[in-house]
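Structure, as structure tokens:
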Amino acid sequence: MNRTLAQWAGQARWRGAWGWLWLVALTGCRGEQSMLNTHSPTAQAIEGLWWWMFYGAAAVLVVVMSLAFYAIYRQPERRGAISATKFVLAGGVLLPVAALTPLLVFGLGVGYRAYLIDPEALTVDVIAHRFWWEVRYPGASPGDTLVTANELRIPAGQQVRVRLHSEDVIHSFWVPSLAGKLDVIPGRVNQLQLQAQTPGIFRGQCAEFCGALHAHMEFYVIALEPEQFQRWRQRQARGGRAPEREALKQGQQAFMAQGCGDCHRIRGSEAQGSGGPDLTHVASRYSLGLGRTGRITVDDFENWIVSKEHLLQPQAEMPAYDQLAPEELRSIALYLESLQ
């Protein structure tokens with residue numbers, strides 16, 4: 001009886017250990033920014049390549065460890081002798097060639113398909129700044145260009161041609177669920193093709209160290225139904241809403257008086273600045289500053305204006321307007337919140 005209980009306890013400990021091992025192994029399989037959570041043909045091809053690499057590496061590990069255990073535990077007089085020349089040729093030449101040649105051929109095919117550009121696809125320009133992303137939808141004329149920040153909206157099921165530019169240093173554009181990463185290099189335009197099979201929100205990240213706030217240089221790709229995307233684009237084509245209520249008019253006046261219009265542009269108003277994000281429809285965006293997603297409120301705009309440590313980057317060029325009177329700060333935030 002005691003022996004049976006001891007055996008049962010030992011088996012339970014082993015089952016528990018294996019259970020924890022599997023839980024640890026599964027922690028990286030899914031997530032907001034996992035390359036194994038794929039939603040496009042390109043990302044699925046990259047995931048397939050990753051799995052082939054995983055299986056190949058596992059097979060090589062099994063072979064190497066089997067040979068190691070054989071050498072350790074086999075009785076010396078019963079071990080097979082292998083000449084040094086054969087060992088070097090087999091382990092140093094034949095094995096790497098046999099393992100890496102198929103991987104090279106498969107990888108080249110995946111890379112070629114990933115960056116094969118359809119010239120007829122919807123074209124979007126993405127400009128990297130430290131530490132935010134400017135997104136431009138070219139129109140028939142420069143005045144028709146739609147500009148947003150830190151979000152790229154695309155029609156689901158359709159290919160989108162993304163042209164990547166940098167205004168300062170080298171960045172890297174990466175949306176693991178939709179495509180592989182591609183460097184964004186000053187003075188050069190690199191191109192990437194995106195396609196989301198289904199509507200959804202996919203997180204992207206700068207994958208090349210570009211400064212102190214590199215880890216926070218995130219963006220979102222929002223895939224919409226084609227009809228919904230066209231409606232969004234038509235709304236974005238309109239100029240900023242002219243304020244009608246007195247509180248909003250005061251907010252617009254305070255916005256201009258504080259010099260906000262020197263850096264930010266609001267189409268259809270006197271604010272025609274450059275250098276900072278376009279704010280024409282800022283309240284309709286999915287994200288604001290660092291880490292704030294979802295519906296943007298008046299309080300969010302107030303925090304954004306007065307704080308450089310929170311929703312803005314500590315090294316951002318925009319100063320903290322913490323000297324504003326409470327009523328003036330509120331009026332500017334109300335005005336920005338009206339820009340749907």
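In the structure tokens, the first chain shown is A, the next is B, and so on; residue numbers restart at 1 for each chain, and ligands run from 1 in the order shown.
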
Shell around Pro176 of chain A at 9 Å using only C-alpha atoms, local window under 6 positions removed, as a PyMOL selection string: chain A and resi 33-38+43+202-205

Exercise: segment 271-283 of chain A partners within 6 Å, only C-alpha atoms, chain neighbours under 3 positions left out, as a PyMOL selection string: chain A and resi 240+261-267+337+339-340

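For the choices A:Val298, A:Ala237, A:Val110, A:Val97, the atom-to-atom distance to Pro138 of chain A is smallest for A:Ala237 when using only C-alpha atoms.
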
Determine, counting only C-alpha atoms, which protein, DNA and RNA residues have an atom within 10 Å of an atom of Glu227 of chain A; residues of the same chain fewer than 4 positions away are not included. Present the result as a count of residues only. 5

Show me, as JSON, numbers by chain, the residues that have an atom within 12 Å of Tyr137 of chain A when counting only C-alpha atoms, minus same-chain residues fewer than 2 positions from it. {"A": [122, 123, 124, 125, 126, 127, 134, 135, 139, 140, 141, 142, 143, 144, 145, 146, 147, 148, 149, 151, 152, 153, 154, 160, 161, 162, 163, 233, 234, 236, 237]}

Could you pull out the residues in segment 225-290 of chain A that DSSP calls strand (DSSP E or B) from the backbone, as a short mmCIF file (atom, residue, chain, number, x, y, z; two decimals) with C-alpha atoms, in the first residue's frame?
data_model
loop_
_atom_site.label_atom_id
_atom_site.label_comp_id
_atom_site.auth_asym_id
_atom_site.auth_seq_id
_atom_site.Cartn_x
_atom_site.Cartn_y
_atom_site.Cartn_z
CA ARG A 265 -2.30 71.19 -39.31
CA GLN A 272 -1.41 74.89 -41.30
CA SER A 287 -4.76 55.77 -30.36
CA LEU A 288 -3.32 58.93 -28.85
#

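Among the candidates A:Thr85, A:Ser284, A:Gln253, A:Gln230, the one nearest to Ser269 of chain A when counting only C-alpha atoms is A:Gln253.
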
Test item: residues at most 12 Å from Ile82 of chain A, only C-alpha atoms, excluding those fewer than 5 positions along its chain, as a PyMOL selection string: chain A and resi 67+71+87-91

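From atom CA of Pro326 of chain A back to atom CA of Arg285 of chain A, the distance works out to 25.0 Å.
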
Atom CA of Ser338 of chain A to atom CA of Trp133 of chain A, straight-line distance in Å: 22.8 Å

So, counting only C-alpha atoms, which residue among A:Leu164, A:Met256, A:Leu178, A:Leu224 is closest to Ile46 of chain A? A:Leu178

Set the distance at 12 Å and use only C-alpha atoms: which residues neighbour Ile305 of chain A once local chain neighbours fewer than 4 positions away are removed? I'd like the list as a PyMOL selection string. chain A and resi 255+258+260+288-289+298-301+309-313+318-324+326+328-334+336

How far is it from atom CA of Arg235 of chain A to atom CA of Pro199 of chain A, in Å with one decimal? 19.2 Å

Residues of segment 100-168 of chain A within 12 Å of segment 52-63 of chain A: nearest atom pair and distance (Å, one decimal) for each, counting only C-alpha atoms, sorted by chain and number, as JSON lines?
{"residue": "A:Leu100", "atom": "CA", "partner": "A:Gly56", "partner_atom": "CA", "distance": 9.3}
{"residue": "A:Thr101", "atom": "CA", "partner": "A:Gly56", "partner_atom": "CA", "distance": 11.8}
{"residue": "A:Pro102", "atom": "CA", "partner": "A:Trp52", "partner_atom": "CA", "distance": 9.8}
{"residue": "A:Leu103", "atom": "CA", "partner": "A:Met53", "partner_atom": "CA", "distance": 7.4}
{"residue": "A:Leu104", "atom": "CA", "partner": "A:Met53", "partner_atom": "CA", "distance": 10.6}
{"residue": "A:Phe106", "atom": "CA", "partner": "A:Trp52", "partner_atom": "CA", "distance": 9.4}
{"residue": "A:Gly107", "atom": "CA", "partner": "A:Met53", "partner_atom": "CA", "distance": 10.0}

Write the selection just made, keeping N, CA and C atoms, as a CSV table (one decimal), in the first residue's frame?
chain,number,residue,atom,x,y,z
A,100,LEU,N,20.5,23.2,-44.4
A,100,LEU,CA,20.4,24.6,-44.8
A,100,LEU,C,19.9,24.9,-46.2
A,101,THR,N,20.3,23.9,-47.1
A,101,THR,CA,19.9,24.2,-48.5
A,101,THR,C,18.4,24.2,-48.7
A,102,PRO,N,17.6,23.3,-48.2
A,102,PRO,CA,16.1,23.4,-48.3
A,102,PRO,C,15.6,24.7,-47.6
A,103,LEU,N,16.2,25.0,-46.5
A,103,LEU,CA,15.8,26.2,-45.8
A,103,LEU,C,16.0,27.4,-46.6
A,104,LEU,N,17.2,27.5,-47.2
A,104,LEU,CA,17.5,28.6,-48.1
A,104,LEU,C,16.5,28.8,-49.3
A,106,PHE,N,13.5,27.5,-49.6
A,106,PHE,CA,12.1,27.9,-49.0
A,106,PHE,C,12.1,29.3,-48.6
A,107,GLY,N,13.2,29.8,-47.9
A,107,GLY,CA,13.2,31.2,-47.4
A,107,GLY,C,13.2,32.2,-48.5

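Considering the residues A:Gly294, A:Ala223, A:His216, A:Arg79 and counting only C-alpha atoms, Gln195 of chain A has its shortest atom-to-atom contact with A:Ala223.
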
Counting only C-alpha atoms, the residue of A:Ala242, A:Leu248, A:Val184, A:Ile170 that sits nearest Gly211 of chain A: A:Ile170
